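model_35.pdb follows (PDB, C-alpha atoms):
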MODEL        1
ATOM      1  CA  PHE Z  22    -111.523  41.093  56.738
ATOM      2  CA  VAL Z  23    -112.909  43.889  54.559
ATOM      3  CA  HIS Z  24    -112.262  45.271  51.092
ATOM      4  CA  SER Z  25    -109.882  48.210  51.060
ATOM      5  CA  GLY Z  26    -111.637  51.481  50.322
ATOM      6  CA  ASP Z  27    -115.021  50.453  51.694
ATOM      7  CA  SER Z  28    -116.474  48.804  54.759
ATOM      8  CA  SER Z  29    -118.225  45.907  53.031
ATOM      9  CA  PRO Z  30    -117.020  42.533  54.221
ATOM     10  CA  ALA Z  31    -114.990  40.475  51.784
ATOM     11  CA  SER Z  32    -116.349  37.146  50.637
ATOM     12  CA  PHE Z  33    -114.981  33.772  51.564
ATOM     13  CA  GLY Z  34    -113.780  33.542  47.949
ATOM     14  CA  ASP Z  35    -111.706  36.701  48.469
ATOM     15  CA  PHE Z  36    -110.174  35.113  51.540
ATOM     16  CA  LEU Z  37    -109.347  31.924  49.620
ATOM     17  CA  LEU Z  38    -107.779  33.944  46.804
ATOM     18  CA  LEU Z  39    -105.607  35.837  49.295
ATOM     19  CA  ALA Z  40    -104.623  32.637  51.105
ATOM     20  CA  THR Z  41    -103.783  30.956  47.785
ATOM     21  CA  LYS Z  42    -101.511  33.842  46.798
ATOM     22  CA  GLU Z  43     -99.682  33.569  50.110
ATOM     23  CA  ILE Z  44     -99.297  29.798  49.750
ATOM     24  CA  VAL Z  45     -97.965  30.190  46.192
ATOM     25  CA  GLY Z  46     -95.536  32.880  47.416
ATOM     26  CA  GLY Z  47     -94.302  30.552  50.137
ATOM     27  CA  ALA Z  48     -93.910  27.687  47.664
ATOM     28  CA  ILE Z  49     -91.890  29.876  45.281
ATOM     29  CA  ALA Z  50     -89.679  30.980  48.190
ATOM     30  CA  ALA Z  51     -89.102  27.335  49.133
ATOM     31  CA  ALA Z  52     -88.228  26.466  45.530
ATOM     32  CA  LEU Z  53     -85.737  29.337  45.274
ATOM     33  CA  PHE Z  54     -84.193  28.339  48.600
ATOM     34  CA  TRP Z  55     -83.875  24.763  47.310
ATOM     35  CA  LEU Z  56     -82.211  26.022  44.106
ATOM     36  CA  THR Z  57     -79.737  28.269  45.898
ATOM     37  CA  HIS Z  58     -78.915  26.035  48.891
ATOM     38  CA  ARG Z  59     -78.359  22.654  47.274
ATOM     39  CA  SER Z  60     -75.681  21.603  49.775
ATOM     40  CA  GLU Z  61     -78.233  21.702  52.606
ATOM     41  CA  TYR Z  62     -80.223  18.936  50.954
ATOM     42  CA  GLY Z  63     -77.432  16.390  50.946
ATOM     43  CA  ALA Z  64     -76.399  17.373  47.437
ATOM     44  CA  GLY Z  65     -72.817  16.205  47.249
ATOM     45  CA  GLU Z  66     -70.724  14.992  44.338
ATOM     46  CA  ASN Z  67     -73.757  13.559  42.575
ATOM     47  CA  SER Z  68     -75.665  16.842  42.656
ATOM     48  CA  ASN Z  69     -76.497  18.820  39.578
ATOM     49  CA  LYS Z  70     -73.478  21.077  38.999
ATOM     50  CA  ILE Z  71     -75.483  23.389  36.748
ATOM     51  CA  LEU Z  72     -77.821  24.258  39.636
ATOM     52  CA  GLU Z  73     -74.844  24.965  41.871
ATOM     53  CA  GLN Z  74     -73.307  27.194  39.207
ATOM     54  CA  ILE Z  75     -76.444  29.266  38.615
ATOM     55  CA  ALA Z  76     -77.364  29.590  42.301
ATOM     56  CA  PRO Z  77     -75.336  32.815  42.811
ATOM     57  CA  TYR Z  78     -77.032  34.430  39.808
ATOM     58  CA  ILE Z  79     -80.488  33.444  41.063
ATOM     59  CA  ALA Z  80     -79.585  34.935  44.456
ATOM     60  CA  GLU Z  81     -78.348  38.191  42.894
ATOM     61  CA  PHE Z  82     -81.468  38.465  40.712
ATOM     62  CA  LEU Z  83     -83.774  37.815  43.663
ATOM     63  CA  GLY Z  84     -81.960  40.127  46.083
ATOM     64  CA  THR Z  85     -81.822  42.979  43.585
ATOM     65  CA  PHE Z  86     -85.462  42.406  42.635
ATOM     66  CA  VAL Z  87     -86.613  42.661  46.264
ATOM     67  CA  LEU Z  88     -84.501  45.773  46.874
ATOM     68  CA  VAL Z  89     -85.680  47.636  43.758
ATOM     69  CA  PHE Z  90     -89.283  46.552  44.308
ATOM     70  CA  THR Z  91     -89.113  47.982  47.820
ATOM     71  CA  VAL Z  92     -87.654  51.253  46.546
ATOM     72  CA  GLY Z  93     -90.441  51.549  43.962
ATOM     73  CA  CYS Z  94     -93.147  50.833  46.537
ATOM     74  CA  VAL Z  95     -91.637  53.328  48.973
ATOM     75  CA  VAL Z  96     -91.393  56.074  46.356
ATOM     76  CA  LEU Z  97     -94.991  55.604  45.223
ATOM     77  CA  SER Z  98     -96.587  55.012  48.613
ATOM     78  CA  PRO Z  99     -97.938  57.798  50.804
ATOM     79  CA  ALA Z 100     -95.759  56.747  53.766
ATOM     80  CA  PRO Z 101     -93.531  59.376  55.411
ATOM     81  CA  ALA Z 102     -90.024  59.609  53.935
ATOM     82  CA  ALA Z 103     -88.352  58.489  57.176
ATOM     83  CA  PHE Z 104     -90.253  55.199  57.090
ATOM     84  CA  GLY Z 105     -89.355  54.768  53.429
ATOM     85  CA  ALA Z 106     -85.634  55.186  54.038
ATOM     86  CA  THR Z 107     -85.847  52.770  56.956
ATOM     87  CA  ALA Z 108     -87.721  50.202  54.852
ATOM     88  CA  ILE Z 109     -85.110  50.373  52.083
ATOM     89  CA  ALA Z 110     -82.218  50.083  54.541
ATOM     90  CA  CYS Z 111     -83.819  47.114  56.304
ATOM     91  CA  VAL Z 112     -84.537  45.296  53.043
ATOM     92  CA  LEU Z 113     -80.963  45.874  51.849
ATOM     93  CA  MET Z 114     -79.593  44.513  55.119
ATOM     94  CA  VAL Z 115     -81.872  41.475  55.131
ATOM     95  CA  MET Z 116     -81.286  40.600  51.468
ATOM     96  CA  ILE Z 117     -77.507  40.893  51.858
ATOM     97  CA  TYR Z 118     -77.694  38.599  54.860
ATOM     98  CA  ALA Z 119     -79.957  36.163  52.966
ATOM     99  CA  THR Z 120     -77.834  36.028  49.802
ATOM    100  CA  ALA Z 121     -74.289  36.550  51.117
ATOM    101  CA  ALA Z 122     -73.536  32.866  51.631
ATOM    102  CA  VAL Z 123     -74.728  32.047  48.103
ATOM    103  CA  SER Z 124     -73.523  34.962  45.963
ATOM    104  CA  GLY Z 125     -71.768  37.424  48.234
ATOM    105  CA  GLY Z 126     -74.862  39.638  48.408
ATOM    106  CA  ASN Z 127     -73.648  42.310  45.987
ATOM    107  CA  LEU Z 128     -77.116  43.353  44.766
ATOM    108  CA  ASN Z 129     -75.675  46.358  42.940
ATOM    109  CA  PRO Z 130     -73.493  46.628  39.821
ATOM    110  CA  ALA Z 131     -71.311  49.241  41.534
ATOM    111  CA  VAL Z 132     -70.503  46.766  44.314
ATOM    112  CA  SER Z 133     -69.686  44.010  41.816
ATOM    113  CA  ILE Z 134     -67.433  46.320  39.784
ATOM    114  CA  SER Z 135     -65.698  47.488  42.966
ATOM    115  CA  LEU Z 136     -65.004  43.880  43.953
ATOM    116  CA  GLY Z 137     -63.708  43.212  40.439
ATOM    117  CA  LEU Z 138     -61.344  46.175  40.645
ATOM    118  CA  ASN Z 139     -59.985  44.817  43.939
ATOM    119  CA  GLY Z 140     -59.434  41.388  42.412
ATOM    120  CA  LYS Z 141     -62.033  39.764  44.667
ATOM    121  CA  MET Z 142     -64.197  38.676  41.701
ATOM    122  CA  GLU Z 143     -63.338  37.489  38.207
ATOM    123  CA  TRP Z 144     -64.397  39.951  35.500
ATOM    124  CA  LEU Z 145     -66.662  37.449  33.769
ATOM    125  CA  GLN Z 146     -68.491  36.937  37.044
ATOM    126  CA  VAL Z 147     -68.687  40.719  37.520
ATOM    127  CA  LEU Z 148     -70.278  41.058  34.082
ATOM    128  CA  LEU Z 149     -72.774  38.252  34.712
ATOM    129  CA  TYR Z 150     -73.657  39.641  38.142
ATOM    130  CA  CYS Z 151     -74.247  43.094  36.626
ATOM    131  CA  LEU Z 152     -76.504  41.596  33.952
ATOM    132  CA  VAL Z 153     -78.660  39.640  36.420
ATOM    133  CA  GLN Z 154     -78.791  42.612  38.802
ATOM    134  CA  ILE Z 155     -80.027  44.855  35.978
ATOM    135  CA  ALA Z 156     -82.537  42.161  34.960
ATOM    136  CA  GLY Z 157     -83.735  41.884  38.571
ATOM    137  CA  GLY Z 158     -84.141  45.655  38.777
ATOM    138  CA  CYS Z 159     -86.073  45.773  35.495
ATOM    139  CA  ALA Z 160     -88.344  42.913  36.616
ATOM    140  CA  ALA Z 161     -88.985  44.737  39.887
ATOM    141  CA  GLY Z 162     -89.804  47.928  37.971
ATOM    142  CA  GLY Z 163     -92.314  45.978  35.910
ATOM    143  CA  CYS Z 164     -93.944  44.604  39.062
ATOM    144  CA  VAL Z 165     -94.097  48.087  40.595
ATOM    145  CA  ARG Z 166     -95.813  49.313  37.432
ATOM    146  CA  LEU Z 167     -98.317  46.433  37.637
ATOM    147  CA  LEU Z 168     -98.994  47.275  41.271
ATOM    148  CA  PHE Z 169     -99.272  51.059  40.973
ATOM    149  CA  GLY Z 170    -100.368  51.433  37.353
ATOM    150  CA  ASN Z 171     -99.053  54.387  35.397
ATOM    151  CA  LYS Z 172     -98.309  56.463  38.477
ATOM    152  CA  PRO Z 173     -95.092  58.316  37.552
ATOM    153  CA  ILE Z 174     -91.890  58.043  39.543
ATOM    154  CA  GLU Z 175     -89.885  61.241  39.616
ATOM    155  CA  VAL Z 176     -86.217  60.402  39.266
ATOM    156  CA  GLY Z 177     -84.466  63.690  39.700
ATOM    157  CA  PRO Z 178     -83.523  66.309  42.214
ATOM    158  CA  GLY Z 179     -86.371  67.854  44.144
ATOM    159  CA  GLY Z 180     -86.944  71.309  45.491
ATOM    160  CA  ASP Z 181     -84.074  73.750  45.016
ATOM    161  CA  TYR Z 182     -81.507  71.015  44.345
ATOM    162  CA  THR Z 183     -79.780  70.663  40.974
ATOM    163  CA  ILE Z 184     -78.564  67.621  39.116
ATOM    164  CA  TRP Z 185     -75.097  68.308  40.536
ATOM    165  CA  HIS Z 186     -76.414  67.972  44.083
ATOM    166  CA  ALA Z 187     -78.042  64.657  43.153
ATOM    167  CA  LEU Z 188     -74.884  63.359  41.448
ATOM    168  CA  LEU Z 189     -72.775  64.307  44.463
ATOM    169  CA  ALA Z 190     -75.155  62.515  46.836
ATOM    170  CA  GLU Z 191     -75.196  59.421  44.578
ATOM    171  CA  PHE Z 192     -71.390  59.442  44.399
ATOM    172  CA  ILE Z 193     -70.939  59.758  48.161
ATOM    173  CA  PHE Z 194     -73.457  57.060  49.093
ATOM    174  CA  THR Z 195     -72.236  54.654  46.379
ATOM    175  CA  PHE Z 196     -68.672  55.198  47.581
ATOM    176  CA  MET Z 197     -69.706  54.470  51.184
ATOM    177  CA  LEU Z 198     -71.621  51.315  50.188
ATOM    178  CA  CYS Z 199     -68.724  49.923  48.133
ATOM    179  CA  PHE Z 200     -66.133  50.875  50.757
ATOM    180  CA  VAL Z 201     -68.089  49.125  53.503
ATOM    181  CA  VAL Z 202     -68.579  45.986  51.379
ATOM    182  CA  ASN Z 203     -64.867  45.878  50.520
ATOM    183  CA  SER Z 204     -63.874  46.501  54.143
ATOM    184  CA  CYS Z 205     -66.286  43.976  55.680
ATOM    185  CA  ALA Z 206     -66.744  41.211  53.131
ATOM    186  CA  ALA Z 207     -63.670  41.351  50.901
ATOM    187  CA  SER Z 208     -60.932  42.231  53.387
ATOM    188  CA  LYS Z 209     -58.966  39.173  54.484
ATOM    189  CA  ARG Z 210     -57.720  41.051  57.535
ATOM    190  CA  ASN Z 211     -61.247  42.011  58.656
ATOM    191  CA  ASN Z 212     -62.782  38.696  57.610
ATOM    192  CA  PRO Z 213     -60.232  35.869  58.030
ATOM    193  CA  PRO Z 214     -61.329  32.366  56.961
ATOM    194  CA  ASN Z 215     -60.858  30.948  60.480
ATOM    195  CA  ASP Z 216     -62.833  33.782  62.147
ATOM    196  CA  PRO Z 217     -65.362  35.220  59.663
ATOM    197  CA  ASN Z 218     -67.324  38.333  60.546
ATOM    198  CA  GLN Z 219     -70.573  36.880  59.123
ATOM    199  CA  PHE Z 220     -70.819  39.391  56.277
TER     200      PHE Z 220
ENDMDL
END

Since I need it in another form, could you write the structure as structure tokens?
Amino acid sequence: FVHSGDSSPASFGDFLLLATKEIVGGAIAAALFWLTHRSEYGAGENSNKILEQIAPYIAEFLGTFVLVFTVGCVVLSPAPAAFGATAIACVLMVMIYATAAVSGGNLNPAVSISLGLNGKMEWLQVLLYCLVQIAGGCAAGGCVRLLFGNKPIEVGPGGDYTIWHALLAEFIFTFMLCFVVNSCAASKRNNPPNDPNQF
């Protein structure tokens, strides 16, 4: 156990600080699981209905936070681009799987709006999901800034590409994401109640 950037050994105090941060992180994860999975704790008719009603919004905030935080870390880290794309894809997959049973695992305003247009979500819920997803993304951006300081993130086309190339790529990949969500999660034919496809 050494300090990053030099070869001097870290103190026992450094180790305790690191261990404490991990314990606190685990405790927060347990608390969020408890908030979003009330039925698994024997919470029946006497349970707090408010907690059950806000659970999907907590799940959407958390899932979007983790996804955007990962994107920020990938963009600002020196890792090769292939590893970055893989990290983002894996986090998206894992967070959808973790939040799907609670909120549907939208994690993106475009997905929520697409489900609203198909009549799979009420418009008030779409609006609230979009608001908590944006809040989760902003909170993640703030954490990325705390972690990396004022290191700038370039949000634009690179190399010889124009804004039109970037917009086309964004359109195509957003279309594919929403189409897959609608086809897998929202389709009654592909996901019947008596034989769900686990998405």

Output as lines of an AutoDock Vina configuration file the centre and edge lengths (Å, one decimal) of the box along x, y and z of the file that holds every listed atom of stretch 141-147 of chain Z after adding 4 Å on each side.
center_x = -65.4
center_y = 38.8
center_z = 39.2
size_x = 14.7
size_y = 11.8
size_z = 18.9

Margin query: Report, in Å to a single decimal, how far apart atom CA of Z:Val165 and atom CA of Z:Ala31 are.
Written below: 24.9 Å

Residue contacts of stretch 81-85 of chain Z (6 Å, only C-alpha atoms) excluding same-chain residues fewer than 3 positions away, as a JSON list (two decimals) with C-alpha atoms, in the coordinates of the input:
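The file below, result22.json, is the result:
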[["chain", "number", "residue", "atom", "x", "y", "z"],
["Z", 78, "TYR", "CA", -77.03, 34.43, 39.81],
["Z", 88, "LEU", "CA", -84.50, 45.77, 46.87],
["Z", 116, "MET", "CA", -81.29, 40.60, 51.47],
["Z", 128, "LEU", "CA", -77.12, 43.35, 44.77],
["Z", 153, "VAL", "CA", -78.66, 39.64, 36.42],
["Z", 154, "GLN", "CA", -78.79, 42.61, 38.80],
["Z", 157, "GLY", "CA", -83.74, 41.88, 38.57],
["Z", 158, "GLY", "CA", -84.14, 45.66, 38.78]]

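The space between atom CA of Z:Leu138 and atom CA of Z:Cys205 spans 16.0 Å.
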
List every residue of stretch 104-194 of chain Z that has an atom at most 12 Å from any atom of stretch 45-58 of chain Z, giving for each one its closest atom pair and the distance in Å to one decimal, counting all atoms listed in the file, sorted by chain and then by ascending residue number, as a Markdown table.
| residue | atom | partner | partner_atom | distance |
| --- | --- | --- | --- | --- |
| Z:Ala119 | CA | Z:Phe54 | CA | 9.9 |
| Z:Thr120 | CA | Z:Thr57 | CA | 8.9 |
| Z:Ala121 | CA | Z:Thr57 | CA | 11.2 |
| Z:Ala122 | CA | Z:His58 | CA | 9.1 |
| Z:Val123 | CA | Z:Thr57 | CA | 6.7 |
| Z:Ser124 | CA | Z:Thr57 | CA | 9.1 |

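The space between atom CA of Z:Gly105 and atom CA of Z:Gly126 spans 21.5 Å.
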
Can you rebuild stretch 66-102 of chain Z with N, CA and C atoms and give it as a PDB file, keeping the file's coordinate frame?
ATOM      1  N   GLU Z  66     -71.376  15.145  45.634  1.00  0.00           N
ATOM      2  CA  GLU Z  66     -70.724  14.992  44.338  1.00  0.00           C
ATOM      3  C   GLU Z  66     -71.700  14.628  43.223  1.00  0.00           C
ATOM      4  N   ASN Z  67     -72.797  13.980  43.587  1.00  0.00           N
ATOM      5  CA  ASN Z  67     -73.757  13.559  42.575  1.00  0.00           C
ATOM      6  C   ASN Z  67     -74.786  14.639  42.244  1.00  0.00           C
ATOM      7  N   SER Z  68     -74.672  15.790  42.875  1.00  0.00           N
ATOM      8  CA  SER Z  68     -75.665  16.842  42.656  1.00  0.00           C
ATOM      9  C   SER Z  68     -75.500  17.460  41.274  1.00  0.00           C
ATOM     10  N   ASN Z  69     -76.505  18.163  40.872  1.00  0.00           N
ATOM     11  CA  ASN Z  69     -76.497  18.820  39.578  1.00  0.00           C
ATOM     12  C   ASN Z  69     -75.584  20.044  39.641  1.00  0.00           C
ATOM     13  N   LYS Z  70     -74.455  19.982  38.965  1.00  0.00           N
ATOM     14  CA  LYS Z  70     -73.478  21.077  38.999  1.00  0.00           C
ATOM     15  C   LYS Z  70     -74.021  22.357  38.367  1.00  0.00           C
ATOM     16  N   ILE Z  71     -74.916  22.205  37.394  1.00  0.00           N
ATOM     17  CA  ILE Z  71     -75.483  23.389  36.748  1.00  0.00           C
ATOM     18  C   ILE Z  71     -76.269  24.208  37.767  1.00  0.00           C
ATOM     19  N   LEU Z  72     -77.064  23.532  38.609  1.00  0.00           N
ATOM     20  CA  LEU Z  72     -77.821  24.258  39.636  1.00  0.00           C
ATOM     21  C   LEU Z  72     -76.887  24.982  40.604  1.00  0.00           C
ATOM     22  N   GLU Z  73     -75.803  24.326  40.963  1.00  0.00           N
ATOM     23  CA  GLU Z  73     -74.844  24.965  41.871  1.00  0.00           C
ATOM     24  C   GLU Z  73     -74.180  26.170  41.213  1.00  0.00           C
ATOM     25  N   GLN Z  74     -73.950  26.081  39.909  1.00  0.00           N
ATOM     26  CA  GLN Z  74     -73.307  27.194  39.207  1.00  0.00           C
ATOM     27  C   GLN Z  74     -74.235  28.378  39.004  1.00  0.00           C
ATOM     28  N   ILE Z  75     -75.531  28.135  38.840  1.00  0.00           N
ATOM     29  CA  ILE Z  75     -76.444  29.266  38.615  1.00  0.00           C
ATOM     30  C   ILE Z  75     -77.019  29.829  39.915  1.00  0.00           C
ATOM     31  N   ALA Z  76     -76.816  29.127  41.022  1.00  0.00           N
ATOM     32  CA  ALA Z  76     -77.364  29.590  42.301  1.00  0.00           C
ATOM     33  C   ALA Z  76     -76.960  31.027  42.646  1.00  0.00           C
ATOM     34  N   PRO Z  77     -75.688  31.424  42.483  1.00  0.00           N
ATOM     35  CA  PRO Z  77     -75.336  32.815  42.811  1.00  0.00           C
ATOM     36  C   PRO Z  77     -76.082  33.834  41.951  1.00  0.00           C
ATOM     37  N   TYR Z  78     -76.350  33.494  40.699  1.00  0.00           N
ATOM     38  CA  TYR Z  78     -77.032  34.430  39.808  1.00  0.00           C
ATOM     39  C   TYR Z  78     -78.517  34.531  40.162  1.00  0.00           C
ATOM     40  N   ILE Z  79     -79.110  33.415  40.583  1.00  0.00           N
ATOM     41  CA  ILE Z  79     -80.488  33.444  41.063  1.00  0.00           C
ATOM     42  C   ILE Z  79     -80.566  34.316  42.312  1.00  0.00           C
ATOM     43  N   ALA Z  80     -79.601  34.153  43.221  1.00  0.00           N
ATOM     44  CA  ALA Z  80     -79.585  34.935  44.456  1.00  0.00           C
ATOM     45  C   ALA Z  80     -79.425  36.424  44.167  1.00  0.00           C
ATOM     46  N   GLU Z  81     -78.547  36.777  43.239  1.00  0.00           N
ATOM     47  CA  GLU Z  81     -78.348  38.191  42.894  1.00  0.00           C
ATOM     48  C   GLU Z  81     -79.602  38.774  42.235  1.00  0.00           C
ATOM     49  N   PHE Z  82     -80.226  38.008  41.345  1.00  0.00           N
ATOM     50  CA  PHE Z  82     -81.468  38.465  40.712  1.00  0.00           C
ATOM     51  C   PHE Z  82     -82.534  38.709  41.773  1.00  0.00           C
ATOM     52  N   LEU Z  83     -82.735  37.719  42.641  1.00  0.00           N
ATOM     53  CA  LEU Z  83     -83.774  37.815  43.663  1.00  0.00           C
ATOM     54  C   LEU Z  83     -83.510  38.966  44.633  1.00  0.00           C
ATOM     55  N   GLY Z  84     -82.279  39.062  45.128  1.00  0.00           N
ATOM     56  CA  GLY Z  84     -81.960  40.127  46.083  1.00  0.00           C
ATOM     57  C   GLY Z  84     -82.130  41.508  45.483  1.00  0.00           C
ATOM     58  N   THR Z  85     -81.680  41.684  44.247  1.00  0.00           N
ATOM     59  CA  THR Z  85     -81.822  42.979  43.585  1.00  0.00           C
ATOM     60  C   THR Z  85     -83.283  43.264  43.292  1.00  0.00           C
ATOM     61  N   PHE Z  86     -84.025  42.242  42.884  1.00  0.00           N
ATOM     62  CA  PHE Z  86     -85.462  42.406  42.635  1.00  0.00           C
ATOM     63  C   PHE Z  86     -86.162  42.928  43.886  1.00  0.00           C
ATOM     64  N   VAL Z  87     -85.936  42.277  45.014  1.00  0.00           N
ATOM     65  CA  VAL Z  87     -86.613  42.661  46.264  1.00  0.00           C
ATOM     66  C   VAL Z  87     -86.225  44.089  46.665  1.00  0.00           C
ATOM     67  N   LEU Z  88     -84.953  44.430  46.519  1.00  0.00           N
ATOM     68  CA  LEU Z  88     -84.501  45.773  46.874  1.00  0.00           C
ATOM     69  C   LEU Z  88     -85.152  46.831  45.987  1.00  0.00           C
ATOM     70  N   VAL Z  89     -85.110  46.644  44.675  1.00  0.00           N
ATOM     71  CA  VAL Z  89     -85.680  47.636  43.758  1.00  0.00           C
ATOM     72  C   VAL Z  89     -87.195  47.695  43.886  1.00  0.00           C
ATOM     73  N   PHE Z  90     -87.837  46.558  44.097  1.00  0.00           N
ATOM     74  CA  PHE Z  90     -89.283  46.552  44.308  1.00  0.00           C
ATOM     75  C   PHE Z  90     -89.648  47.371  45.545  1.00  0.00           C
ATOM     76  N   THR Z  91     -88.867  47.212  46.598  1.00  0.00           N
ATOM     77  CA  THR Z  91     -89.113  47.982  47.820  1.00  0.00           C
ATOM     78  C   THR Z  91     -88.937  49.472  47.568  1.00  0.00           C
ATOM     79  N   VAL Z  92     -87.879  49.837  46.852  1.00  0.00           N
ATOM     80  CA  VAL Z  92     -87.654  51.253  46.546  1.00  0.00           C
ATOM     81  C   VAL Z  92     -88.838  51.811  45.763  1.00  0.00           C
ATOM     82  N   GLY Z  93     -89.298  51.087  44.753  1.00  0.00           N
ATOM     83  CA  GLY Z  93     -90.441  51.549  43.962  1.00  0.00           C
ATOM     84  C   GLY Z  93     -91.692  51.711  44.803  1.00  0.00           C
ATOM     85  N   CYS Z  94     -91.969  50.747  45.672  1.00  0.00           N
ATOM     86  CA  CYS Z  94     -93.147  50.833  46.537  1.00  0.00           C
ATOM     87  C   CYS Z  94     -93.038  52.005  47.513  1.00  0.00           C
ATOM     88  N   VAL Z  95     -91.842  52.221  48.033  1.00  0.00           N
ATOM     89  CA  VAL Z  95     -91.637  53.328  48.973  1.00  0.00           C
ATOM     90  C   VAL Z  95     -91.846  54.670  48.277  1.00  0.00           C
ATOM     91  N   VAL Z  96     -91.295  54.808  47.084  1.00  0.00           N
ATOM     92  CA  VAL Z  96     -91.393  56.074  46.356  1.00  0.00           C
ATOM     93  C   VAL Z  96     -92.848  56.394  46.005  1.00  0.00           C
ATOM     94  N   LEU Z  97     -93.619  55.374  45.670  1.00  0.00           N
ATOM     95  CA  LEU Z  97     -94.991  55.604  45.223  1.00  0.00           C
ATOM     96  C   LEU Z  97     -96.030  55.514  46.335  1.00  0.00           C
ATOM     97  N   SER Z  98     -95.624  55.110  47.515  1.00  0.00           N
ATOM     98  CA  SER Z  98     -96.587  55.012  48.613  1.00  0.00           C
ATOM     99  C   SER Z  98     -96.689  56.349  49.342  1.00  0.00           C
ATOM    100  N   PRO Z  99     -97.783  56.535  50.071  1.00  0.00           N
ATOM    101  CA  PRO Z  99     -97.938  57.798  50.804  1.00  0.00           C
ATOM    102  C   PRO Z  99     -97.238  57.820  52.163  1.00  0.00           C
ATOM    103  N   ALA Z 100     -96.423  56.817  52.461  1.00  0.00           N
ATOM    104  CA  ALA Z 100     -95.759  56.747  53.766  1.00  0.00           C
ATOM    105  C   ALA Z 100     -94.762  57.889  53.929  1.00  0.00           C
ATOM    106  N   PRO Z 101     -94.534  58.333  55.170  1.00  0.00           N
ATOM    107  CA  PRO Z 101     -93.531  59.376  55.411  1.00  0.00           C
ATOM    108  C   PRO Z 101     -92.141  58.933  54.938  1.00  0.00           C
ATOM    109  N   ALA Z 102     -91.346  59.900  54.502  1.00  0.00           N
ATOM    110  CA  ALA Z 102     -90.024  59.609  53.935  1.00  0.00           C
ATOM    111  C   ALA Z 102     -89.121  58.855  54.910  1.00  0.00           C
TER     112      ALA Z 102
END
